[in-house]
Amino acid sequence: VRRTKGLTETPMTAFHICTTGSEPQVVRAKLTELMRGSARLRDILALGVLPGGSIEQGVPPCVMPRDDLILVSLGPMRAIVHRDAAYILGADNGSVEAVALSVGAAVSELSSEDCPLPFELRFLEAAWEEVCGAIQRQVRLLSFVSTTIIQRLQSASFDEMPDRVSQIQPILEKLEGLRIEIQQLDRCASELLLSDEDMTAMLLTGARTGPLGPQDHAVVELMLEAYHRKLIQSSLQLEALVKKVRFGRSLSDMKLATHRNRLLRTNVQLAIGGVSVAICGTVAG
């Protein structure tokens with residue numbers, strides 16, 4: 001209880017995004033004010049809020065609907081979503097600022113008359129699009145870097161090859177980290193798709209106008225399925241890229257092994273030649 005009170009009473013900086021999706025404004029307020037009510041400890045921990053108002057990195061992604069708000073933790077973004085506004089925590093972080101500006105612009109684009117989605121769904125779609133787009137950009141970048149390193153490795157001399165081989169391991173570690181990130185995001189989307197109750201609870205605006213039926217969450221389900229497919233596609237691309245990098249490393253290992261065998265054979269031949277000369281000298285002397 002004391003820890004919860006300390007966290008909720010600490011002023012935090014956040015980007016405020018309104019229903020029109022205009023440029024986000026920086027606000028400073030207590031967590032209870034941003035959540036417009038009592039903040040439960042499990043909700044605060046899910047957002048990764050630390051004492052002092054800082055945001056913990058590496059928190060598993062989650063989208064948690066509550067009675068009158070939705071808590072979002074996707075990538076670097078920690079957000080509190082209401083039916084008429086959203087707050088992205090950590091306004092003093094440069095990476096969060098870039099995400100907030102991108103999400104705000106996407107919400108603004110989705111605010112047209114041709115898009116009847118309520119604000120909370122427009123924000124969630126913009127958030128998922130931002131995270132999945134960042135994943136796809138990382139996959140493309142790693143694909144370019146990996147292809148370049150493999151090409152340099154294949155054209156490298158035997159003296160250069162050990163240094164080029166050492167460049168592959170950091171790429172594999174980065175690919176593994178991205179694979180885990182995609183896996184966690186996909187698990188988050190899959191768990192939401194399996195819960196009709198959670199998908200219905202995301203309709204904050206609809207719940208205010210009247211009771212919701214079991215088919216009302218169809219728009220939420222379609223949105224989640226779309227980004228679930230994007231994550232699967234990125235996962236397949238990443239898997240193919242990992243196989244490509246490992247195949248390139250195995251080829252370099254074979255080239256090094258062949259060169260090593262040649263050196264060993266030459267060494268053995270020189271040793272045999274030296275022994276032969278020594279024997280001849282012994283017999284002659």
# chains A, B, ... in the order shown; residues from 1 in each chain; ligands from 1
>>> residues_around(residues="Thr209 of chain A", least_positions_apart="5", cutoff="12 Å", atoms="only C-alpha atoms", output="list in words")
Arg83, Leu203 and Leu204 of chain A
>>> closest_residue(among="A:Val103, A:Val219, A:Ala85, A:Val139", to="Gly177 of chain A", atoms="only C-alpha atoms")
A:Val139
>>> select_by_dssp(residues="segment 44-157 of chain A", states="strand (DSSP E or B)", output="list in words")
Val49, Ile55, Cys62, Val63, Met64, Pro65, Ile70, Leu71, Val72, Ser73, Leu74, Met77, Arg78, Ala79, Ile80, Val81, Ala85, Ala86, Tyr87, Ile88 and Leu89 of chain A
>>> atom_distance(atom1="atom CA of Asp84 of chain A", atom2="atom CA of Met12 of chain A")
20.0 Å
>>> residues_around(residues="Arg78 of chain A", least_positions_apart="3", cutoff="7 Å", atoms="only C-alpha atoms", output="PDB file with all heavy atoms, in the first residue's frame")
ATOM      1  N   LEU A  47       2.610  -1.472 -16.166  1.00  0.00           N
ATOM      2  CA  LEU A  47       3.108  -0.367 -16.978  1.00  0.00           C
ATOM      3  C   LEU A  47       4.606  -0.137 -16.789  1.00  0.00           C
ATOM      4  O   LEU A  47       5.212   0.618 -17.549  1.00  0.00           O
ATOM      5  CB  LEU A  47       2.348   0.922 -16.643  1.00  0.00           C
ATOM      6  CG  LEU A  47       0.894   0.990 -17.094  1.00  0.00           C
ATOM      7  CD1 LEU A  47       0.249   2.269 -16.583  1.00  0.00           C
ATOM      8  CD2 LEU A  47       0.789   0.917 -18.605  1.00  0.00           C
ATOM      9  N   VAL A  72      -1.849   0.149 -21.781  1.00  0.00           N
ATOM     10  CA  VAL A  72      -1.122  -0.353 -22.941  1.00  0.00           C
ATOM     11  C   VAL A  72       0.372  -0.332 -22.654  1.00  0.00           C
ATOM     12  O   VAL A  72       0.921   0.693 -22.242  1.00  0.00           O
ATOM     13  CB  VAL A  72      -1.427   0.491 -24.200  1.00  0.00           C
ATOM     14  CG1 VAL A  72      -0.629  -0.026 -25.389  1.00  0.00           C
ATOM     15  CG2 VAL A  72      -2.916   0.477 -24.503  1.00  0.00           C
ATOM     16  N   SER A  73       1.028  -1.459 -22.900  1.00  0.00           N
ATOM     17  CA  SER A  73       2.484  -1.550 -22.823  1.00  0.00           C
ATOM     18  C   SER A  73       2.959  -2.277 -24.074  1.00  0.00           C
ATOM     19  O   SER A  73       2.919  -3.508 -24.143  1.00  0.00           O
ATOM     20  CB  SER A  73       2.913  -2.297 -21.554  1.00  0.00           C
ATOM     21  OG  SER A  73       4.319  -2.497 -21.555  1.00  0.00           O
ATOM     22  N   LEU A  74       3.369  -1.510 -25.070  1.00  0.00           N
ATOM     23  CA  LEU A  74       3.819  -2.061 -26.344  1.00  0.00           C
ATOM     24  C   LEU A  74       5.132  -1.399 -26.726  1.00  0.00           C
ATOM     25  O   LEU A  74       5.181  -0.189 -26.941  1.00  0.00           O
ATOM     26  CB  LEU A  74       2.780  -1.825 -27.445  1.00  0.00           C
ATOM     27  CG  LEU A  74       1.425  -2.529 -27.294  1.00  0.00           C
ATOM     28  CD1 LEU A  74       0.472  -2.087 -28.386  1.00  0.00           C
ATOM     29  CD2 LEU A  74       1.587  -4.037 -27.305  1.00  0.00           C
ATOM     30  N   ILE A  88       0.596   9.032 -22.967  1.00  0.00           N
ATOM     31  CA  ILE A  88       1.772   8.184 -23.169  1.00  0.00           C
ATOM     32  C   ILE A  88       2.827   8.624 -22.167  1.00  0.00           C
ATOM     33  O   ILE A  88       3.318   9.759 -22.217  1.00  0.00           O
ATOM     34  CB  ILE A  88       2.297   8.297 -24.605  1.00  0.00           C
ATOM     35  CG1 ILE A  88       1.226   7.836 -25.600  1.00  0.00           C
ATOM     36  CG2 ILE A  88       3.558   7.466 -24.781  1.00  0.00           C
ATOM     37  CD1 ILE A  88       1.644   7.929 -27.046  1.00  0.00           C
ATOM     38  N   LEU A  89       3.175   7.734 -21.241  1.00  0.00           N
ATOM     39  CA  LEU A  89       4.084   8.074 -20.148  1.00  0.00           C
ATOM     40  C   LEU A  89       5.524   8.164 -20.646  1.00  0.00           C
ATOM     41  O   LEU A  89       5.902   7.554 -21.651  1.00  0.00           O
ATOM     42  CB  LEU A  89       3.976   7.027 -19.045  1.00  0.00           C
ATOM     43  CG  LEU A  89       2.562   6.737 -18.506  1.00  0.00           C
ATOM     44  CD1 LEU A  89       2.620   5.671 -17.425  1.00  0.00           C
ATOM     45  CD2 LEU A  89       1.910   8.004 -17.974  1.00  0.00           C
TER      46      LEU A  89
END
>>> atom_distance(atom1="atom CA of Glu129 of chain A", atom2="atom CA of Leu193 of chain A")
16.9 Å
>>> closest_atom_pairs(of="segment 178-243 of chain A", to="segment 170-174 of chain A", cutoff="12 Å", atoms="only C-alpha atoms", output="tab-separated table")
residue	atom	partner	partner_atom	distance
A:Leu178	CA	A:Lys174	CA	6.2
A:Arg179	CA	A:Lys174	CA	8.6
A:Ile180	CA	A:Lys174	CA	10.0
A:Glu181	CA	A:Lys174	CA	10.6
A:Leu238	CA	A:Leu172	CA	10.6
A:Glu239	CA	A:Leu172	CA	11.0
A:Leu241	CA	A:Leu172	CA	9.6
A:Val242	CA	A:Leu172	CA	7.0
A:Lys243	CA	A:Leu172	CA	10.0
>>> atom_distance(atom1="atom CA of Ser234 of chain A", atom2="atom CA of Tyr87 of chain A")
28.4 Å
>>> residues_around(residues="His16 of chain A", least_positions_apart="5", cutoff="12 Å", atoms="only C-alpha atoms", output="JSON, numbers by chain")
{"A": [21, 22, 23, 24, 25, 26, 27, 28, 29, 34, 79, 80, 81, 82, 84, 85, 86, 87, 88, 89, 90, 91, 97, 100, 101, 103, 104, 123]}
>>> write_last_selection(atoms="N, CA, C and O atoms", output="mmCIF file, in the first residue's frame")
data_model
loop_
_atom_site.group_PDB
_atom_site.id
_atom_site.type_symbol
_atom_site.label_atom_id
_atom_site.label_comp_id
_atom_site.auth_asym_id
_atom_site.auth_seq_id
_atom_site.Cartn_x
_atom_site.Cartn_y
_atom_site.Cartn_z
ATOM 1 N N GLY A 21 -6.375 13.833 -32.370
ATOM 2 C CA GLY A 21 -5.062 13.332 -32.729
ATOM 3 C C GLY A 21 -4.094 14.410 -33.144
ATOM 4 O O GLY A 21 -3.155 14.152 -33.889
ATOM 5 N N SER A 22 -4.302 15.645 -32.676
ATOM 6 C CA SER A 22 -3.381 16.724 -32.999
ATOM 7 C C SER A 22 -2.034 16.473 -32.330
ATOM 8 O O SER A 22 -1.854 15.480 -31.625
ATOM 9 N N GLU A 23 -1.089 17.387 -32.541
ATOM 10 C CA GLU A 23 0.253 17.186 -31.991
ATOM 11 C C GLU A 23 0.194 16.982 -30.476
ATOM 12 O O GLU A 23 -0.411 17.779 -29.760
ATOM 13 N N PRO A 24 0.803 15.911 -29.966
ATOM 14 C CA PRO A 24 0.735 15.627 -28.531
ATOM 15 C C PRO A 24 1.317 16.763 -27.691
ATOM 16 O O PRO A 24 2.332 17.364 -28.057
ATOM 17 N N GLN A 25 0.662 17.025 -26.581
ATOM 18 C CA GLN A 25 1.105 18.052 -25.647
ATOM 19 C C GLN A 25 1.675 17.395 -24.397
ATOM 20 O O GLN A 25 1.134 16.402 -23.905
ATOM 21 N N VAL A 26 2.772 17.960 -23.892
ATOM 22 C CA VAL A 26 3.393 17.420 -22.686
ATOM 23 C C VAL A 26 2.645 17.938 -21.464
ATOM 24 O O VAL A 26 2.420 19.141 -21.318
ATOM 25 N N VAL A 27 2.247 17.008 -20.595
ATOM 26 C CA VAL A 27 1.585 17.370 -19.340
ATOM 27 C C VAL A 27 2.354 16.721 -18.200
ATOM 28 O O VAL A 27 3.070 15.738 -18.383
ATOM 29 N N ARG A 28 2.210 17.289 -17.022
ATOM 30 C CA ARG A 28 2.840 16.750 -15.825
ATOM 31 C C ARG A 28 1.764 16.604 -14.759
ATOM 32 O O ARG A 28 1.135 17.592 -14.356
ATOM 33 N N ALA A 29 1.534 15.378 -14.338
ATOM 34 C CA ALA A 29 0.464 15.118 -13.381
ATOM 35 C C ALA A 29 0.767 13.828 -12.633
ATOM 36 O O ALA A 29 1.646 13.047 -13.024
ATOM 37 N N LEU A 34 -3.827 10.908 -14.083
ATOM 38 C CA LEU A 34 -3.806 10.409 -15.448
ATOM 39 C C LEU A 34 -4.756 9.221 -15.623
ATOM 40 O O LEU A 34 -5.353 9.050 -16.690
ATOM 41 N N ALA A 79 1.029 3.489 -22.050
ATOM 42 C CA ALA A 79 -0.059 4.436 -22.277
ATOM 43 C C ALA A 79 -1.267 4.114 -21.418
ATOM 44 O O ALA A 79 -1.526 2.950 -21.078
ATOM 45 N N ILE A 80 -1.992 5.167 -21.068
ATOM 46 C CA ILE A 80 -3.276 5.077 -20.374
ATOM 47 C C ILE A 80 -4.318 5.660 -21.334
ATOM 48 O O ILE A 80 -4.250 6.838 -21.682
ATOM 49 N N VAL A 81 -5.248 4.827 -21.755
ATOM 50 C CA VAL A 81 -6.195 5.215 -22.799
ATOM 51 C C VAL A 81 -7.590 5.347 -22.197
ATOM 52 O O VAL A 81 -8.101 4.395 -21.579
ATOM 53 N N HIS A 82 -8.196 6.503 -22.396
ATOM 54 C CA HIS A 82 -9.591 6.735 -22.031
ATOM 55 C C HIS A 82 -10.412 6.844 -23.305
ATOM 56 O O HIS A 82 -9.874 6.787 -24.420
ATOM 57 N N ASP A 84 -11.841 9.453 -24.370
ATOM 58 C CA ASP A 84 -11.729 10.784 -24.966
ATOM 59 C C ASP A 84 -10.310 11.335 -24.956
ATOM 60 O O ASP A 84 -10.074 12.448 -25.417
ATOM 61 N N ALA A 85 -9.344 10.574 -24.446
ATOM 62 C CA ALA A 85 -7.951 11.037 -24.395
ATOM 63 C C ALA A 85 -7.044 9.873 -24.065
ATOM 64 O O ALA A 85 -7.486 8.830 -23.565
ATOM 65 N N ALA A 86 -5.758 10.058 -24.359
ATOM 66 C CA ALA A 86 -4.759 9.047 -24.030
ATOM 67 C C ALA A 86 -3.509 9.750 -23.532
ATOM 68 O O ALA A 86 -3.199 10.875 -23.949
ATOM 69 N N TYR A 87 -2.794 9.087 -22.635
ATOM 70 C CA TYR A 87 -1.561 9.632 -22.065
ATOM 71 C C TYR A 87 -0.448 8.612 -22.269
ATOM 72 O O TYR A 87 -0.545 7.476 -21.798
ATOM 73 N N ILE A 88 0.596 9.032 -22.967
ATOM 74 C CA ILE A 88 1.772 8.184 -23.169
ATOM 75 C C ILE A 88 2.827 8.624 -22.167
ATOM 76 O O ILE A 88 3.318 9.759 -22.217
ATOM 77 N N LEU A 89 3.175 7.734 -21.241
ATOM 78 C CA LEU A 89 4.084 8.074 -20.148
ATOM 79 C C LEU A 89 5.524 8.164 -20.646
ATOM 80 O O LEU A 89 5.902 7.554 -21.651
ATOM 81 N N GLY A 90 6.342 8.919 -19.886
ATOM 82 C CA GLY A 90 7.765 9.028 -20.198
ATOM 83 C C GLY A 90 8.075 10.075 -21.241
ATOM 84 O O GLY A 90 8.849 9.823 -22.172
ATOM 85 N N ALA A 91 7.490 11.280 -21.093
ATOM 86 C CA ALA A 91 7.683 12.334 -22.097
ATOM 87 C C ALA A 91 9.114 12.843 -22.144
ATOM 88 O O ALA A 91 9.506 13.498 -23.115
ATOM 89 N N GLU A 97 9.177 10.082 -27.260
ATOM 90 C CA GLU A 97 8.670 11.270 -27.957
ATOM 91 C C GLU A 97 8.429 10.965 -29.435
ATOM 92 O O GLU A 97 7.393 11.365 -30.003
ATOM 93 N N ALA A 100 5.300 8.907 -29.665
ATOM 94 C CA ALA A 100 4.097 9.705 -29.394
ATOM 95 C C ALA A 100 3.724 10.568 -30.598
ATOM 96 O O ALA A 100 2.546 10.673 -30.958
ATOM 97 N N LEU A 101 4.719 11.167 -31.241
ATOM 98 C CA LEU A 101 4.436 11.986 -32.417
ATOM 99 C C LEU A 101 3.875 11.142 -33.559
ATOM 100 O O LEU A 101 2.937 11.556 -34.259
ATOM 101 N N VAL A 103 2.278 8.199 -33.275
ATOM 102 C CA VAL A 103 0.934 7.718 -32.913
ATOM 103 C C VAL A 103 -0.079 8.852 -33.016
ATOM 104 O O VAL A 103 -1.199 8.667 -33.504
ATOM 105 N N GLY A 104 0.309 10.054 -32.562
ATOM 106 C CA GLY A 104 -0.590 11.193 -32.667
ATOM 107 C C GLY A 104 -0.959 11.509 -34.106
ATOM 108 O O GLY A 104 -2.120 11.800 -34.418
ATOM 109 N N PHE A 123 -6.674 4.833 -31.311
ATOM 110 C CA PHE A 123 -5.375 4.879 -30.627
ATOM 111 C C PHE A 123 -4.726 3.493 -30.620
ATOM 112 O O PHE A 123 -3.526 3.365 -30.886
#
>>> closest_residue(among="A:Arg42, A:Lys230, A:Arg262, A:Arg164", to="Met64 of chain A", atoms="only C-alpha atoms")
A:Arg42
>>> decode(residues="segment 193-204 of chain A", atoms="all heavy atoms", output="PDB file, in the first residue's frame")
ATOM      1  N   LEU A 193      -7.096 -12.193 -28.542  1.00  0.00           N
ATOM      2  CA  LEU A 193      -8.021 -12.816 -29.492  1.00  0.00           C
ATOM      3  C   LEU A 193      -8.773 -13.986 -28.862  1.00  0.00           C
ATOM      4  O   LEU A 193      -9.902 -14.302 -29.291  1.00  0.00           O
ATOM      5  CB  LEU A 193      -7.253 -13.297 -30.729  1.00  0.00           C
ATOM      6  CG  LEU A 193      -6.819 -12.209 -31.710  1.00  0.00           C
ATOM      7  CD1 LEU A 193      -5.842 -12.762 -32.733  1.00  0.00           C
ATOM      8  CD2 LEU A 193      -8.031 -11.613 -32.412  1.00  0.00           C
ATOM      9  N   LEU A 194      -8.187 -14.622 -27.871  1.00  0.00           N
ATOM     10  CA  LEU A 194      -8.839 -15.751 -27.212  1.00  0.00           C
ATOM     11  C   LEU A 194      -9.836 -15.318 -26.138  1.00  0.00           C
ATOM     12  O   LEU A 194     -10.556 -16.155 -25.605  1.00  0.00           O
ATOM     13  CB  LEU A 194      -7.783 -16.665 -26.582  1.00  0.00           C
ATOM     14  CG  LEU A 194      -6.879 -17.419 -27.560  1.00  0.00           C
ATOM     15  CD1 LEU A 194      -5.791 -18.173 -26.815  1.00  0.00           C
ATOM     16  CD2 LEU A 194      -7.691 -18.371 -28.438  1.00  0.00           C
ATOM     17  N   SER A 195      -9.861 -14.036 -25.829  1.00  0.00           N
ATOM     18  CA  SER A 195     -10.730 -13.537 -24.760  1.00  0.00           C
ATOM     19  C   SER A 195     -11.788 -12.597 -25.329  1.00  0.00           C
ATOM     20  O   SER A 195     -11.506 -11.435 -25.614  1.00  0.00           O
ATOM     21  CB  SER A 195      -9.895 -12.822 -23.688  1.00  0.00           C
ATOM     22  OG  SER A 195     -10.730 -12.264 -22.697  1.00  0.00           O
ATOM     23  N   ASP A 196     -12.996 -13.102 -25.505  1.00  0.00           N
ATOM     24  CA  ASP A 196     -14.099 -12.245 -25.960  1.00  0.00           C
ATOM     25  C   ASP A 196     -14.396 -11.156 -24.933  1.00  0.00           C
ATOM     26  O   ASP A 196     -14.772 -10.035 -25.293  1.00  0.00           O
ATOM     27  CB  ASP A 196     -15.359 -13.083 -26.193  1.00  0.00           C
ATOM     28  CG  ASP A 196     -15.203 -14.029 -27.375  1.00  0.00           C
ATOM     29  OD1 ASP A 196     -14.298 -13.790 -28.198  1.00  0.00           O
ATOM     30  OD2 ASP A 196     -15.974 -14.997 -27.470  1.00  0.00           O
ATOM     31  N   GLU A 197     -14.210 -11.482 -23.668  1.00  0.00           N
ATOM     32  CA  GLU A 197     -14.489 -10.514 -22.613  1.00  0.00           C
ATOM     33  C   GLU A 197     -13.555  -9.317 -22.694  1.00  0.00           C
ATOM     34  O   GLU A 197     -13.988  -8.156 -22.583  1.00  0.00           O
ATOM     35  CB  GLU A 197     -14.360 -11.186 -21.241  1.00  0.00           C
ATOM     36  CG  GLU A 197     -14.673 -10.287 -20.073  1.00  0.00           C
ATOM     37  CD  GLU A 197     -14.548 -11.014 -18.748  1.00  0.00           C
ATOM     38  OE1 GLU A 197     -14.445 -12.257 -18.752  1.00  0.00           O
ATOM     39  OE2 GLU A 197     -14.558 -10.334 -17.698  1.00  0.00           O
ATOM     40  N   ASP A 198     -12.247  -9.572 -22.914  1.00  0.00           N
ATOM     41  CA  ASP A 198     -11.293  -8.467 -23.015  1.00  0.00           C
ATOM     42  C   ASP A 198     -11.541  -7.624 -24.260  1.00  0.00           C
ATOM     43  O   ASP A 198     -11.450  -6.391 -24.218  1.00  0.00           O
ATOM     44  CB  ASP A 198      -9.862  -9.004 -23.034  1.00  0.00           C
ATOM     45  CG  ASP A 198      -9.388  -9.436 -21.655  1.00  0.00           C
ATOM     46  OD1 ASP A 198     -10.044  -9.061 -20.665  1.00  0.00           O
ATOM     47  OD2 ASP A 198      -8.374 -10.151 -21.567  1.00  0.00           O
ATOM     48  N   MET A 199     -11.846  -8.279 -25.391  1.00  0.00           N
ATOM     49  CA  MET A 199     -12.095  -7.523 -26.615  1.00  0.00           C
ATOM     50  C   MET A 199     -13.341  -6.657 -26.476  1.00  0.00           C
ATOM     51  O   MET A 199     -13.383  -5.519 -26.960  1.00  0.00           O
ATOM     52  CB  MET A 199     -12.229  -8.480 -27.806  1.00  0.00           C
ATOM     53  CG  MET A 199     -10.913  -9.107 -28.238  1.00  0.00           C
ATOM     54  SD  MET A 199     -11.020 -10.022 -29.805  1.00  0.00           S
ATOM     55  CE  MET A 199     -11.960 -11.452 -29.273  1.00  0.00           C
ATOM     56  N   THR A 200     -14.352  -7.172 -25.804  1.00  0.00           N
ATOM     57  CA  THR A 200     -15.556  -6.369 -25.580  1.00  0.00           C
ATOM     58  C   THR A 200     -15.274  -5.218 -24.627  1.00  0.00           C
ATOM     59  O   THR A 200     -15.786  -4.104 -24.806  1.00  0.00           O
ATOM     60  CB  THR A 200     -16.684  -7.252 -25.017  1.00  0.00           C
ATOM     61  OG1 THR A 200     -16.931  -8.338 -25.914  1.00  0.00           O
ATOM     62  CG2 THR A 200     -17.969  -6.457 -24.835  1.00  0.00           C
ATOM     63  N   ALA A 201     -14.416  -5.465 -23.614  1.00  0.00           N
ATOM     64  CA  ALA A 201     -14.104  -4.423 -22.635  1.00  0.00           C
ATOM     65  C   ALA A 201     -13.302  -3.277 -23.241  1.00  0.00           C
ATOM     66  O   ALA A 201     -13.237  -2.190 -22.654  1.00  0.00           O
ATOM     67  CB  ALA A 201     -13.337  -5.030 -21.465  1.00  0.00           C
ATOM     68  N   MET A 202     -12.679  -3.501 -24.403  1.00  0.00           N
ATOM     69  CA  MET A 202     -11.938  -2.418 -25.050  1.00  0.00           C
ATOM     70  C   MET A 202     -12.862  -1.373 -25.676  1.00  0.00           C
ATOM     71  O   MET A 202     -12.407  -0.287 -26.018  1.00  0.00           O
ATOM     72  CB  MET A 202     -11.016  -2.982 -26.145  1.00  0.00           C
ATOM     73  CG  MET A 202      -9.867  -3.799 -25.619  1.00  0.00           C
ATOM     74  SD  MET A 202      -8.794  -4.323 -26.964  1.00  0.00           S
ATOM     75  CE  MET A 202      -7.924  -5.664 -26.168  1.00  0.00           C
ATOM     76  N   LEU A 203     -14.120  -1.691 -25.823  1.00  0.00           N
ATOM     77  CA  LEU A 203     -15.064  -0.753 -26.418  1.00  0.00           C
ATOM     78  C   LEU A 203     -15.563   0.200 -25.341  1.00  0.00           C
ATOM     79  O   LEU A 203     -16.699   0.109 -24.861  1.00  0.00           O
ATOM     80  CB  LEU A 203     -16.226  -1.522 -27.059  1.00  0.00           C
ATOM     81  CG  LEU A 203     -15.834  -2.501 -28.174  1.00  0.00           C
ATOM     82  CD1 LEU A 203     -17.013  -3.368 -28.562  1.00  0.00           C
ATOM     83  CD2 LEU A 203     -15.291  -1.756 -29.381  1.00  0.00           C
ATOM     84  N   LEU A 204     -14.720   1.135 -24.945  1.00  0.00           N
ATOM     85  CA  LEU A 204     -15.067   2.065 -23.871  1.00  0.00           C
ATOM     86  C   LEU A 204     -16.232   2.958 -24.266  1.00  0.00           C
ATOM     87  O   LEU A 204     -17.145   3.201 -23.464  1.00  0.00           O
ATOM     88  CB  LEU A 204     -13.844   2.914 -23.511  1.00  0.00           C
ATOM     89  CG  LEU A 204     -12.575   2.163 -23.092  1.00  0.00           C
ATOM     90  CD1 LEU A 204     -11.456   3.156 -22.799  1.00  0.00           C
ATOM     91  CD2 LEU A 204     -12.838   1.281 -21.881  1.00  0.00           C
TER      92      LEU A 204
END
